[in-house]
Amino acid sequence: MYETRIKKIFDILTNDMTFHTSGEISSILDCSSRTVRDEIKALNVILSDHGASIVTTAGKGCIFEVYDRECFESFIKTDWHKYAFEKENFNNPQFRLEYIMRILLFNSDYVKVDDICEELLISRSQFNKDLKIVKMHLLKYSLSIESKPYLGIIVEGSELNKRLAIANCLYENIFKDENYFDIKDNENSKILKDIKGVVINTFLNYEYEISETAFKNLIIHLYIAVRRIQSGDGMSVEKGELIRLKSKKEYLIACEITKKLSELFSVDFPEEEIAYISIHLLGKKISRDTNAKSIPSEAENITIEMLSIVKDEMGVDLTGDLDLRISLGLHITPLIDRIQYGLVLNNPVLEEIKKDVFAFDAAAKAACVINKKYGVEISEDEIGYIALHLSVAISRINEEKNKKNILIICGSGVGTANMMKYRFLREFEQYVNKLETCDYISANEADLDQYDLIITSVPLSKETKTPIIEVGLFLNKEDIINIRPHISNVLAENKMNSFFSEDLFFFKVKTNNYEKLIDNLSKEIINKKNIHGNLYESIMEREKLSSTAFDNSVAMPHPMNPMTDETFITVAILDKAIKWNDKKISLVILLNIKEGENSEEIEDFYYKLGDFMSDEEKINRALKSKNMNEFLEVFND
């Protein structure tokens, strides 16, 4: 049996009996906000006659309330299980894939195909289709499936890779299915609780820190280690590597953890298993040291090379940002360990990170430095973590870039000039880098070109390239309205709209294949724009690096490198949703950004794009657009 989504939502809401938003719940359950809202409606129907309800409050979210405790408790004891659990569903492709992986990964002997088909109640042809997908998943962990006549099939590969596959391929269900390890739920919970307690106490003793996600992953790996040792499937580590690991602090921590686990579960942890745990600790540690000297030279050199790539290919110079170099260098240090040992660090917020298209693209290009140096293809999860560091640094640059140097010229004396200054700051302080005042005579002698904007209460005869706005002495409401477009991003928004054009808007596009769609859009673009090179091939090359499809029905494909002398956006609304790798896509926003594009309007576009991608209601409205103007109304809203 397995838990329904309704039960998972029930557990989240009743765990602390506080407000939770649909967005928060959807990120935990890895589904859309709409799905969560629909499930809450269904759950409310179930609860309506049983003494409880889920109340939604604008701006806060939803909260679980019990108004008849006796009725509610009776329902939980007698009927709740009917809604909370479902029996095994062999018609569900995802369930079958996980089931096949479980059987193969937890069997050290050959398994007959006919036996699996009989258990799953499926034909051999259906099994062969499922097995192809299973092979693709296992290939990521350098595992293969071998077959022998009359014996069946078996997973071949190292024990380390098998454990990584168990932890990551079956991560979501690893502690939810009571038959997963052939133990009961209460025993399962106790083992997890005991392991968690041991790890927490050991970390406190050694003042050792890892992230919450890494902590959960470590508990999973320790659980698997205990079970694998009990079943006789042990780790092996090269002697030279074992000697190197013994010199690390992580090995001492692993020794203390395994000593306590040995006492709890009556299992012996050989040196190889202790080394295995220390490897996981090395790949997950957090450093609180903010000193550049604490970063190994290997990680520092990689960081510098990565930032050079971002500068050359993305047109953003982050090489002088010391805070970024330190934070990224500290992240790269354990990343190198993860690469060397084939460890995978899951990224629970990857989908959200990818919505910052510019930062994620910069990270994907920067990651090529690591791929080339170590001969690997680092995962989207790892690229996402790099993108987080870059995103923060890029935001810092944009904040400073958007602030302006402003001169206020007043012909009525110091007192009036100061009054204009404070009135201006009250309205626009967040946009101001430097604000100076002067009189008319001083203005004629000053270098006016050094300012981004000039506000004056008297007409100026001196020529300057800086925009000049004439206002009254008291900066009235009309003056503020006239100033606002010049100091905020309103002008940039107007220019940004020029990236979109009606001849690159396509409505109700019929297709059933995303590669064919990209090919057709590429041909349309080539007919209307000046493109340097093979646009289709460049877009597909970028797709291989990391899929540009999202859970919110939107895909944002773009070429690997700039291929045009102008920035423009193509929009395609599909007649029916299509499968784009593992996502269902209805809207395609194809980006073509010119080389070195770093204007205010492109910053505004990326900002609005991130806002749009995070707003499910906006996306649904955009899908109803019949022309580019309607689409832009929603996009700019």
# chains A, B, ... in the order shown; residues from 1 in each chain; ligands from 1
$ residues_around --residues "A:Lys584" --least-positions-apart "2" --cutoff "10 Å" --atoms "only C-alpha atoms" --output "ChimeraX atom specification"
/A:549-555,576-582,586-587
$ select_by_dssp --residues "stretch 341-470 of chain A" --states "alpha helix (DSSP H)" --output "PDB file with N, CA and C atoms, in the first residue's frame"
ATOM      1  N   TYR A 341      33.897  10.806  -5.952  1.00  0.00           N
ATOM      2  CA  TYR A 341      33.315   9.575  -5.417  1.00  0.00           C
ATOM      3  C   TYR A 341      31.950   9.250  -6.022  1.00  0.00           C
ATOM      4  N   LEU A 350      15.310  22.925  -7.196  1.00  0.00           N
ATOM      5  CA  LEU A 350      15.874  23.062  -8.541  1.00  0.00           C
ATOM      6  C   LEU A 350      14.915  23.770  -9.497  1.00  0.00           C
ATOM      7  N   GLU A 351      13.635  23.376  -9.473  1.00  0.00           N
ATOM      8  CA  GLU A 351      12.660  23.964 -10.400  1.00  0.00           C
ATOM      9  C   GLU A 351      12.554  25.476 -10.206  1.00  0.00           C
ATOM     10  N   GLU A 352      12.602  25.922  -8.940  1.00  0.00           N
ATOM     11  CA  GLU A 352      12.527  27.362  -8.677  1.00  0.00           C
ATOM     12  C   GLU A 352      13.788  28.069  -9.141  1.00  0.00           C
ATOM     13  N   ILE A 353      14.940  27.445  -8.911  1.00  0.00           N
ATOM     14  CA  ILE A 353      16.212  28.048  -9.317  1.00  0.00           C
ATOM     15  C   ILE A 353      16.259  28.230 -10.826  1.00  0.00           C
ATOM     16  N   LYS A 354      15.770  27.230 -11.559  1.00  0.00           N
ATOM     17  CA  LYS A 354      15.840  27.267 -13.021  1.00  0.00           C
ATOM     18  C   LYS A 354      15.001  28.399 -13.616  1.00  0.00           C
ATOM     19  N   VAL A 357      16.440  32.254 -15.411  1.00  0.00           N
ATOM     20  CA  VAL A 357      17.029  31.690 -16.629  1.00  0.00           C
ATOM     21  C   VAL A 357      18.471  32.137 -16.819  1.00  0.00           C
ATOM     22  N   PHE A 358      18.723  33.420 -16.596  1.00  0.00           N
ATOM     23  CA  PHE A 358      20.059  33.963 -16.844  1.00  0.00           C
ATOM     24  C   PHE A 358      21.092  33.319 -15.914  1.00  0.00           C
ATOM     25  N   ALA A 359      20.785  33.275 -14.609  1.00  0.00           N
ATOM     26  CA  ALA A 359      21.729  32.716 -13.638  1.00  0.00           C
ATOM     27  C   ALA A 359      21.950  31.231 -13.885  1.00  0.00           C
ATOM     28  N   PHE A 360      20.882  30.499 -14.227  1.00  0.00           N
ATOM     29  CA  PHE A 360      21.040  29.053 -14.448  1.00  0.00           C
ATOM     30  C   PHE A 360      21.853  28.791 -15.712  1.00  0.00           C
ATOM     31  N   ASP A 361      21.623  29.597 -16.750  1.00  0.00           N
ATOM     32  CA  ASP A 361      22.404  29.444 -17.977  1.00  0.00           C
ATOM     33  C   ASP A 361      23.879  29.739 -17.722  1.00  0.00           C
ATOM     34  N   ALA A 362      24.127  30.793 -16.943  1.00  0.00           N
ATOM     35  CA  ALA A 362      25.511  31.140 -16.599  1.00  0.00           C
ATOM     36  C   ALA A 362      26.160  29.990 -15.829  1.00  0.00           C
ATOM     37  N   ALA A 363      25.397  29.385 -14.909  1.00  0.00           N
ATOM     38  CA  ALA A 363      25.923  28.267 -14.118  1.00  0.00           C
ATOM     39  C   ALA A 363      26.202  27.049 -14.997  1.00  0.00           C
ATOM     40  N   ALA A 364      25.307  26.786 -15.969  1.00  0.00           N
ATOM     41  CA  ALA A 364      25.488  25.641 -16.874  1.00  0.00           C
ATOM     42  C   ALA A 364      26.768  25.807 -17.697  1.00  0.00           C
ATOM     43  N   LYS A 365      27.031  27.029 -18.152  1.00  0.00           N
ATOM     44  CA  LYS A 365      28.255  27.281 -18.922  1.00  0.00           C
ATOM     45  C   LYS A 365      29.480  27.180 -18.011  1.00  0.00           C
ATOM     46  N   ALA A 366      29.363  27.717 -16.794  1.00  0.00           N
ATOM     47  CA  ALA A 366      30.480  27.654 -15.844  1.00  0.00           C
ATOM     48  C   ALA A 366      30.798  26.205 -15.459  1.00  0.00           C
ATOM     49  N   ALA A 367      29.754  25.384 -15.366  1.00  0.00           N
ATOM     50  CA  ALA A 367      29.938  23.980 -14.977  1.00  0.00           C
ATOM     51  C   ALA A 367      30.764  23.201 -15.988  1.00  0.00           C
ATOM     52  N   CYS A 368      30.814  23.709 -17.228  1.00  0.00           N
ATOM     53  CA  CYS A 368      31.616  23.032 -18.260  1.00  0.00           C
ATOM     54  C   CYS A 368      33.095  22.970 -17.869  1.00  0.00           C
ATOM     55  N   VAL A 369      33.544  23.931 -17.049  1.00  0.00           N
ATOM     56  CA  VAL A 369      34.930  23.917 -16.551  1.00  0.00           C
ATOM     57  C   VAL A 369      35.172  22.648 -15.739  1.00  0.00           C
ATOM     58  N   ILE A 370      34.215  22.325 -14.870  1.00  0.00           N
ATOM     59  CA  ILE A 370      34.325  21.127 -14.021  1.00  0.00           C
ATOM     60  C   ILE A 370      34.199  19.872 -14.872  1.00  0.00           C
ATOM     61  N   ASN A 371      33.240  19.871 -15.787  1.00  0.00           N
ATOM     62  CA  ASN A 371      33.046  18.703 -16.656  1.00  0.00           C
ATOM     63  C   ASN A 371      34.319  18.362 -17.424  1.00  0.00           C
ATOM     64  N   LYS A 372      34.958  19.391 -17.963  1.00  0.00           N
ATOM     65  CA  LYS A 372      36.167  19.186 -18.765  1.00  0.00           C
ATOM     66  C   LYS A 372      37.329  18.724 -17.899  1.00  0.00           C
ATOM     67  N   LYS A 373      37.476  19.319 -16.733  1.00  0.00           N
ATOM     68  CA  LYS A 373      38.618  19.006 -15.858  1.00  0.00           C
ATOM     69  C   LYS A 373      38.557  17.585 -15.324  1.00  0.00           C
ATOM     70  N   TYR A 374      37.339  17.131 -14.955  1.00  0.00           N
ATOM     71  CA  TYR A 374      37.209  15.816 -14.307  1.00  0.00           C
ATOM     72  C   TYR A 374      36.587  14.760 -15.215  1.00  0.00           C
ATOM     73  N   GLU A 380      22.011  18.428 -13.024  1.00  0.00           N
ATOM     74  CA  GLU A 380      21.241  19.674 -12.932  1.00  0.00           C
ATOM     75  C   GLU A 380      21.167  20.156 -11.490  1.00  0.00           C
ATOM     76  N   ASP A 381      21.090  19.216 -10.542  1.00  0.00           N
ATOM     77  CA  ASP A 381      21.028  19.586  -9.126  1.00  0.00           C
ATOM     78  C   ASP A 381      22.247  20.406  -8.733  1.00  0.00           C
ATOM     79  N   GLU A 382      23.422  19.940  -9.162  1.00  0.00           N
ATOM     80  CA  GLU A 382      24.666  20.642  -8.831  1.00  0.00           C
ATOM     81  C   GLU A 382      24.735  21.989  -9.556  1.00  0.00           C
ATOM     82  N   ILE A 383      24.296  22.021 -10.819  1.00  0.00           N
ATOM     83  CA  ILE A 383      24.281  23.285 -11.568  1.00  0.00           C
ATOM     84  C   ILE A 383      23.374  24.285 -10.850  1.00  0.00           C
ATOM     85  N   GLY A 384      22.267  23.784 -10.297  1.00  0.00           N
ATOM     86  CA  GLY A 384      21.337  24.649  -9.570  1.00  0.00           C
ATOM     87  C   GLY A 384      21.991  25.321  -8.381  1.00  0.00           C
ATOM     88  N   TYR A 385      22.812  24.585  -7.630  1.00  0.00           N
ATOM     89  CA  TYR A 385      23.496  25.177  -6.472  1.00  0.00           C
ATOM     90  C   TYR A 385      24.478  26.261  -6.914  1.00  0.00           C
ATOM     91  N   ILE A 386      25.193  26.017  -8.015  1.00  0.00           N
ATOM     92  CA  ILE A 386      26.111  27.028  -8.552  1.00  0.00           C
ATOM     93  C   ILE A 386      25.323  28.268  -8.971  1.00  0.00           C
ATOM     94  N   ALA A 387      24.150  28.039  -9.604  1.00  0.00           N
ATOM     95  CA  ALA A 387      23.304  29.149 -10.050  1.00  0.00           C
ATOM     96  C   ALA A 387      22.852  30.026  -8.889  1.00  0.00           C
ATOM     97  N   LEU A 388      22.604  29.423  -7.726  1.00  0.00           N
ATOM     98  CA  LEU A 388      22.203  30.209  -6.554  1.00  0.00           C
ATOM     99  C   LEU A 388      23.265  31.238  -6.191  1.00  0.00           C
ATOM    100  N   HIS A 389      24.521  30.805  -6.184  1.00  0.00           N
ATOM    101  CA  HIS A 389      25.630  31.718  -5.855  1.00  0.00           C
ATOM    102  C   HIS A 389      25.716  32.838  -6.890  1.00  0.00           C
ATOM    103  N   LEU A 390      25.606  32.480  -8.163  1.00  0.00           N
ATOM    104  CA  LEU A 390      25.700  33.476  -9.227  1.00  0.00           C
ATOM    105  C   LEU A 390      24.522  34.449  -9.176  1.00  0.00           C
ATOM    106  N   SER A 391      23.335  33.928  -8.882  1.00  0.00           N
ATOM    107  CA  SER A 391      22.128  34.755  -8.844  1.00  0.00           C
ATOM    108  C   SER A 391      22.256  35.865  -7.806  1.00  0.00           C
ATOM    109  N   VAL A 392      22.773  35.521  -6.632  1.00  0.00           N
ATOM    110  CA  VAL A 392      22.945  36.520  -5.563  1.00  0.00           C
ATOM    111  C   VAL A 392      23.917  37.609  -6.010  1.00  0.00           C
ATOM    112  N   ALA A 393      25.030  37.189  -6.635  1.00  0.00           N
ATOM    113  CA  ALA A 393      26.041  38.147  -7.087  1.00  0.00           C
ATOM    114  C   ALA A 393      25.509  39.041  -8.203  1.00  0.00           C
ATOM    115  N   ILE A 394      24.763  38.452  -9.143  1.00  0.00           N
ATOM    116  CA  ILE A 394      24.190  39.234 -10.246  1.00  0.00           C
ATOM    117  C   ILE A 394      23.170  40.236  -9.708  1.00  0.00           C
ATOM    118  N   SER A 395      22.394  39.829  -8.701  1.00  0.00           N
ATOM    119  CA  SER A 395      21.422  40.740  -8.087  1.00  0.00           C
ATOM    120  C   SER A 395      22.114  41.932  -7.456  1.00  0.00           C
ATOM    121  N   ARG A 396      23.266  41.675  -6.819  1.00  0.00           N
ATOM    122  CA  ARG A 396      24.024  42.779  -6.211  1.00  0.00           C
ATOM    123  C   ARG A 396      24.449  43.790  -7.275  1.00  0.00           C
ATOM    124  N   ILE A 397      24.939  43.282  -8.399  1.00  0.00           N
ATOM    125  CA  ILE A 397      25.373  44.154  -9.495  1.00  0.00           C
ATOM    126  C   ILE A 397      24.199  44.972 -10.020  1.00  0.00           C
ATOM    127  N   ASN A 398      23.067  44.297 -10.252  1.00  0.00           N
ATOM    128  CA  ASN A 398      21.897  44.973 -10.823  1.00  0.00           C
ATOM    129  C   ASN A 398      21.346  46.042  -9.887  1.00  0.00           C
ATOM    130  N   GLU A 399      21.411  45.764  -8.576  1.00  0.00           N
ATOM    131  CA  GLU A 399      20.949  46.749  -7.599  1.00  0.00           C
ATOM    132  C   GLU A 399      21.750  48.034  -7.723  1.00  0.00           C
ATOM    133  N   GLU A 400      23.070  47.875  -7.783  1.00  0.00           N
ATOM    134  CA  GLU A 400      23.937  49.044  -7.897  1.00  0.00           C
ATOM    135  C   GLU A 400      23.770  49.729  -9.248  1.00  0.00           C
ATOM    136  N   LYS A 401      23.635  48.912 -10.313  1.00  0.00           N
ATOM    137  CA  LYS A 401      23.526  49.457 -11.673  1.00  0.00           C
ATOM    138  C   LYS A 401      22.249  50.276 -11.833  1.00  0.00           C
ATOM    139  N   ASN A 402      21.183  49.854 -11.156  1.00  0.00           N
ATOM    140  CA  ASN A 402      19.896  50.532 -11.307  1.00  0.00           C
ATOM    141  C   ASN A 402      19.797  51.812 -10.481  1.00  0.00           C
ATOM    142  N   VAL A 414      19.094  77.848  -0.843  1.00  0.00           N
ATOM    143  CA  VAL A 414      19.448  76.563  -0.221  1.00  0.00           C
ATOM    144  C   VAL A 414      18.242  75.883   0.417  1.00  0.00           C
ATOM    145  N   GLY A 415      17.400  76.664   1.111  1.00  0.00           N
ATOM    146  CA  GLY A 415      16.255  76.083   1.814  1.00  0.00           C
ATOM    147  C   GLY A 415      15.311  75.372   0.868  1.00  0.00           C
ATOM    148  N   THR A 416      14.995  76.006  -0.256  1.00  0.00           N
ATOM    149  CA  THR A 416      14.091  75.398  -1.236  1.00  0.00           C
ATOM    150  C   THR A 416      14.740  74.171  -1.881  1.00  0.00           C
ATOM    151  N   ALA A 417      16.044  74.274  -2.150  1.00  0.00           N
ATOM    152  CA  ALA A 417      16.767  73.143  -2.746  1.00  0.00           C
ATOM    153  C   ALA A 417      16.706  71.920  -1.831  1.00  0.00           C
ATOM    154  N   ASN A 418      16.901  72.137  -0.519  1.00  0.00           N
ATOM    155  CA  ASN A 418      16.840  71.014   0.432  1.00  0.00           C
ATOM    156  C   ASN A 418      15.432  70.439   0.526  1.00  0.00           C
ATOM    157  N   MET A 419      14.432  71.324   0.429  1.00  0.00           N
ATOM    158  CA  MET A 419      13.047  70.842   0.467  1.00  0.00           C
ATOM    159  C   MET A 419      12.767  69.949  -0.745  1.00  0.00           C
ATOM    160  N   MET A 420      13.243  70.370  -1.937  1.00  0.00           N
ATOM    161  CA  MET A 420      13.087  69.555  -3.142  1.00  0.00           C
ATOM    162  C   MET A 420      13.820  68.224  -2.985  1.00  0.00           C
ATOM    163  N   LYS A 421      15.005  68.272  -2.367  1.00  0.00           N
ATOM    164  CA  LYS A 421      15.829  67.063  -2.184  1.00  0.00           C
ATOM    165  C   LYS A 421      15.098  66.033  -1.324  1.00  0.00           C
ATOM    166  N   TYR A 422      14.557  66.485  -0.166  1.00  0.00           N
ATOM    167  CA  TYR A 422      13.914  65.528   0.741  1.00  0.00           C
ATOM    168  C   TYR A 422      12.589  65.002   0.173  1.00  0.00           C
ATOM    169  N   ARG A 423      11.893  65.866  -0.579  1.00  0.00           N
ATOM    170  CA  ARG A 423      10.657  65.410  -1.251  1.00  0.00           C
ATOM    171  C   ARG A 423      11.004  64.343  -2.299  1.00  0.00           C
ATOM    172  N   PHE A 424      12.094  64.566  -3.016  1.00  0.00           N
ATOM    173  CA  PHE A 424      12.539  63.607  -4.042  1.00  0.00           C
ATOM    174  C   PHE A 424      12.934  62.276  -3.392  1.00  0.00           C
ATOM    175  N   LEU A 425      13.696  62.353  -2.291  1.00  0.00           N
ATOM    176  CA  LEU A 425      14.145  61.126  -1.615  1.00  0.00           C
ATOM    177  C   LEU A 425      12.968  60.334  -1.054  1.00  0.00           C
ATOM    178  N   ARG A 426      11.942  61.057  -0.592  1.00  0.00           N
ATOM    179  CA  ARG A 426      10.779  60.353  -0.042  1.00  0.00           C
ATOM    180  C   ARG A 426      10.120  59.491  -1.112  1.00  0.00           C
ATOM    181  N   GLU A 427      10.145  59.924  -2.354  1.00  0.00           N
ATOM    182  CA  GLU A 427       9.510  59.195  -3.457  1.00  0.00           C
ATOM    183  C   GLU A 427      10.440  58.167  -4.105  1.00  0.00           C
ATOM    184  N   PHE A 428      11.745  58.481  -4.189  1.00  0.00           N
ATOM    185  CA  PHE A 428      12.628  57.682  -5.062  1.00  0.00           C
ATOM    186  C   PHE A 428      13.934  57.217  -4.396  1.00  0.00           C
ATOM    187  N   TYR A 440      21.604  77.765  -9.988  1.00  0.00           N
ATOM    188  CA  TYR A 440      21.670  77.903 -11.445  1.00  0.00           C
ATOM    189  C   TYR A 440      23.080  78.249 -11.916  1.00  0.00           C
ATOM    190  N   ILE A 441      23.773  79.158 -11.200  1.00  0.00           N
ATOM    191  CA  ILE A 441      25.116  79.601 -11.600  1.00  0.00           C
ATOM    192  C   ILE A 441      26.102  78.444 -11.525  1.00  0.00           C
ATOM    193  N   SER A 442      26.066  77.688 -10.406  1.00  0.00           N
ATOM    194  CA  SER A 442      26.980  76.541 -10.238  1.00  0.00           C
ATOM    195  C   SER A 442      26.722  75.480 -11.300  1.00  0.00           C
ATOM    196  N   ALA A 443      25.462  75.328 -11.696  1.00  0.00           N
ATOM    197  CA  ALA A 443      25.103  74.318 -12.701  1.00  0.00           C
ATOM    198  C   ALA A 443      25.762  74.609 -14.036  1.00  0.00           C
ATOM    199  N   ASN A 444      25.868  75.894 -14.381  1.00  0.00           N
ATOM    200  CA  ASN A 444      26.465  76.263 -15.668  1.00  0.00           C
ATOM    201  C   ASN A 444      27.969  75.980 -15.705  1.00  0.00           C
ATOM    202  N   GLU A 445      28.588  75.870 -14.537  1.00  0.00           N
ATOM    203  CA  GLU A 445      30.030  75.602 -14.467  1.00  0.00           C
ATOM    204  C   GLU A 445      30.316  74.111 -14.236  1.00  0.00           C
TER     205      GLU A 445
END
$ residues_around --residues "A:Lys135" --least-positions-apart "4" --cutoff "8 Å" --atoms "only C-alpha atoms" --output "MDAnalysis selection string"
chainID A and resid 131 139 144:145
$ atom_distance --atom1 "atom CA of A:Gly232" --atom2 "atom CA of A:Arg163"
13.5 Å
$ residues_around --residues "A:Asn561" --least-positions-apart "6" --cutoff "10 Å" --atoms "only C-alpha atoms" --output "list in words"
Glu313, Met314, Lys365, Leu535, Ser538, Ile539, Glu541, Arg542, Asn592, Ile593, Lys594 and Glu595 of chain A
$ closest_residue --among "A:Cys117, A:Met235, A:Ala299, A:Ile210" --to "A:Leu330" --atoms "only C-alpha atoms"
A:Ala299
$ closest_residue --among "A:Glu256, A:Ser33, A:Glu633, A:Ile518" --to "A:Glu543" --atoms "only C-alpha atoms"
A:Ile518
$ residues_around --residues "A:Val458" --least-positions-apart "3" --cutoff "9 Å" --atoms "only C-alpha atoms" --output "list in words"
Ile409, Cys410, Gly411, Tyr440, Glu470, Val471 and Gly472 of chain A
$ write_last_selection --atoms "N, CA, C and O atoms" --output "PDB file, in the first residue's frame"
ATOM      1  N   ILE A 409      18.670  71.074  -9.434  1.00  0.00           N
ATOM      2  CA  ILE A 409      19.055  72.477  -9.613  1.00  0.00           C
ATOM      3  C   ILE A 409      17.883  73.364  -9.198  1.00  0.00           C
ATOM      4  O   ILE A 409      16.748  73.178  -9.657  1.00  0.00           O
ATOM      5  N   CYS A 410      18.166  74.310  -8.294  1.00  0.00           N
ATOM      6  CA  CYS A 410      17.108  75.187  -7.790  1.00  0.00           C
ATOM      7  C   CYS A 410      17.585  76.637  -7.859  1.00  0.00           C
ATOM      8  O   CYS A 410      18.722  76.950  -7.494  1.00  0.00           O
ATOM      9  N   GLY A 411      16.700  77.521  -8.297  1.00  0.00           N
ATOM     10  CA  GLY A 411      17.063  78.935  -8.403  1.00  0.00           C
ATOM     11  C   GLY A 411      16.560  79.761  -7.245  1.00  0.00           C
ATOM     12  O   GLY A 411      16.616  80.990  -7.288  1.00  0.00           O
ATOM     13  N   TYR A 440      21.604  77.765  -9.988  1.00  0.00           N
ATOM     14  CA  TYR A 440      21.670  77.903 -11.445  1.00  0.00           C
ATOM     15  C   TYR A 440      23.080  78.249 -11.916  1.00  0.00           C
ATOM     16  O   TYR A 440      23.580  77.694 -12.904  1.00  0.00           O
ATOM     17  N   GLU A 470      12.116  69.528 -16.153  1.00  0.00           N
ATOM     18  CA  GLU A 470      11.761  70.777 -15.480  1.00  0.00           C
ATOM     19  C   GLU A 470      10.563  70.539 -14.568  1.00  0.00           C
ATOM     20  O   GLU A 470       9.574  69.922 -14.967  1.00  0.00           O
ATOM     21  N   VAL A 471      10.691  71.034 -13.331  1.00  0.00           N
ATOM     22  CA  VAL A 471       9.636  70.821 -12.331  1.00  0.00           C
ATOM     23  C   VAL A 471       9.338  72.128 -11.614  1.00  0.00           C
ATOM     24  O   VAL A 471      10.078  73.120 -11.741  1.00  0.00           O
ATOM     25  N   GLY A 472       8.272  72.146 -10.810  1.00  0.00           N
ATOM     26  CA  GLY A 472       7.970  73.291  -9.959  1.00  0.00           C
ATOM     27  C   GLY A 472       8.813  73.241  -8.694  1.00  0.00           C
ATOM     28  O   GLY A 472       9.491  72.246  -8.399  1.00  0.00           O
TER      29      GLY A 472
END
$ residues_around --residues "stretch 271-279 of chain A" --least-positions-apart "5" --cutoff "9 Å" --atoms "only C-alpha atoms" --output "PyMOL selection string"
chain A and resi 160+218+221-222+225+229+234-238+241-242+245-246+248-255+257-258+284+337-338+341+343
$ closest_residue --among "A:Lys465, A:Leu324, A:Ile100, A:Leu105" --to "A:Lys132" --atoms "only C-alpha atoms"
A:Ile100
$ residues_around --residues "A:Lys608" --least-positions-apart "6" --cutoff "10 Å" --atoms "only C-alpha atoms" --output "PyMOL selection string"
chain A and resi 493+602+614+635-637
$ closest_residue --among "A:Ser48, A:Asn513, A:Thr303, A:Ser308" --to "A:Phe72" --atoms "only C-alpha atoms"
A:Ser48
$ atom_distance --atom1 "atom CA of A:Glu537" --atom2 "atom CA of A:Met563"
11.5 Å
$ decode --residues "stretch 540-551 of chain A" --atoms "N, CA and C atoms" --output "PDB file, in the first residue's frame"
ATOM      1  N   MET A 540      19.254  22.539 -29.525  1.00  0.00           N
ATOM      2  CA  MET A 540      19.265  21.147 -29.078  1.00  0.00           C
ATOM      3  C   MET A 540      20.515  20.834 -28.266  1.00  0.00           C
ATOM      4  N   GLU A 541      21.631  21.485 -28.613  1.00  0.00           N
ATOM      5  CA  GLU A 541      22.864  21.317 -27.820  1.00  0.00           C
ATOM      6  C   GLU A 541      22.645  21.831 -26.398  1.00  0.00           C
ATOM      7  N   ARG A 542      21.928  22.965 -26.286  1.00  0.00           N
ATOM      8  CA  ARG A 542      21.618  23.518 -24.958  1.00  0.00           C
ATOM      9  C   ARG A 542      20.667  22.596 -24.195  1.00  0.00           C
ATOM     10  N   GLU A 543      19.723  21.960 -24.897  1.00  0.00           N
ATOM     11  CA  GLU A 543      18.790  21.032 -24.249  1.00  0.00           C
ATOM     12  C   GLU A 543      19.511  19.831 -23.644  1.00  0.00           C
ATOM     13  N   LYS A 544      20.588  19.377 -24.323  1.00  0.00           N
ATOM     14  CA  LYS A 544      21.355  18.238 -23.807  1.00  0.00           C
ATOM     15  C   LYS A 544      22.034  18.588 -22.491  1.00  0.00           C
ATOM     16  N   LEU A 545      22.421  19.851 -22.349  1.00  0.00           N
ATOM     17  CA  LEU A 545      23.089  20.302 -21.129  1.00  0.00           C
ATOM     18  C   LEU A 545      22.130  20.263 -19.947  1.00  0.00           C
ATOM     19  N   SER A 546      20.897  20.719 -20.171  1.00  0.00           N
ATOM     20  CA  SER A 546      19.878  20.739 -19.124  1.00  0.00           C
ATOM     21  C   SER A 546      18.548  21.108 -19.766  1.00  0.00           C
ATOM     22  N   SER A 547      17.514  20.349 -19.473  1.00  0.00           N
ATOM     23  CA  SER A 547      16.211  20.600 -20.090  1.00  0.00           C
ATOM     24  C   SER A 547      15.691  21.982 -19.708  1.00  0.00           C
ATOM     25  N   THR A 548      15.080  22.676 -20.675  1.00  0.00           N
ATOM     26  CA  THR A 548      14.506  24.004 -20.418  1.00  0.00           C
ATOM     27  C   THR A 548      13.001  23.936 -20.191  1.00  0.00           C
ATOM     28  N   ALA A 549      12.474  22.731 -19.968  1.00  0.00           N
ATOM     29  CA  ALA A 549      11.042  22.555 -19.695  1.00  0.00           C
ATOM     30  C   ALA A 549      10.797  22.586 -18.190  1.00  0.00           C
ATOM     31  N   PHE A 550       9.655  23.166 -17.784  1.00  0.00           N
ATOM     32  CA  PHE A 550       9.331  23.325 -16.373  1.00  0.00           C
ATOM     33  C   PHE A 550       8.023  22.617 -16.019  1.00  0.00           C
ATOM     34  N   ASP A 551       7.803  22.454 -14.715  1.00  0.00           N
ATOM     35  CA  ASP A 551       6.582  21.808 -14.236  1.00  0.00           C
ATOM     36  C   ASP A 551       5.344  22.669 -14.461  1.00  0.00           C
TER      37      ASP A 551
END
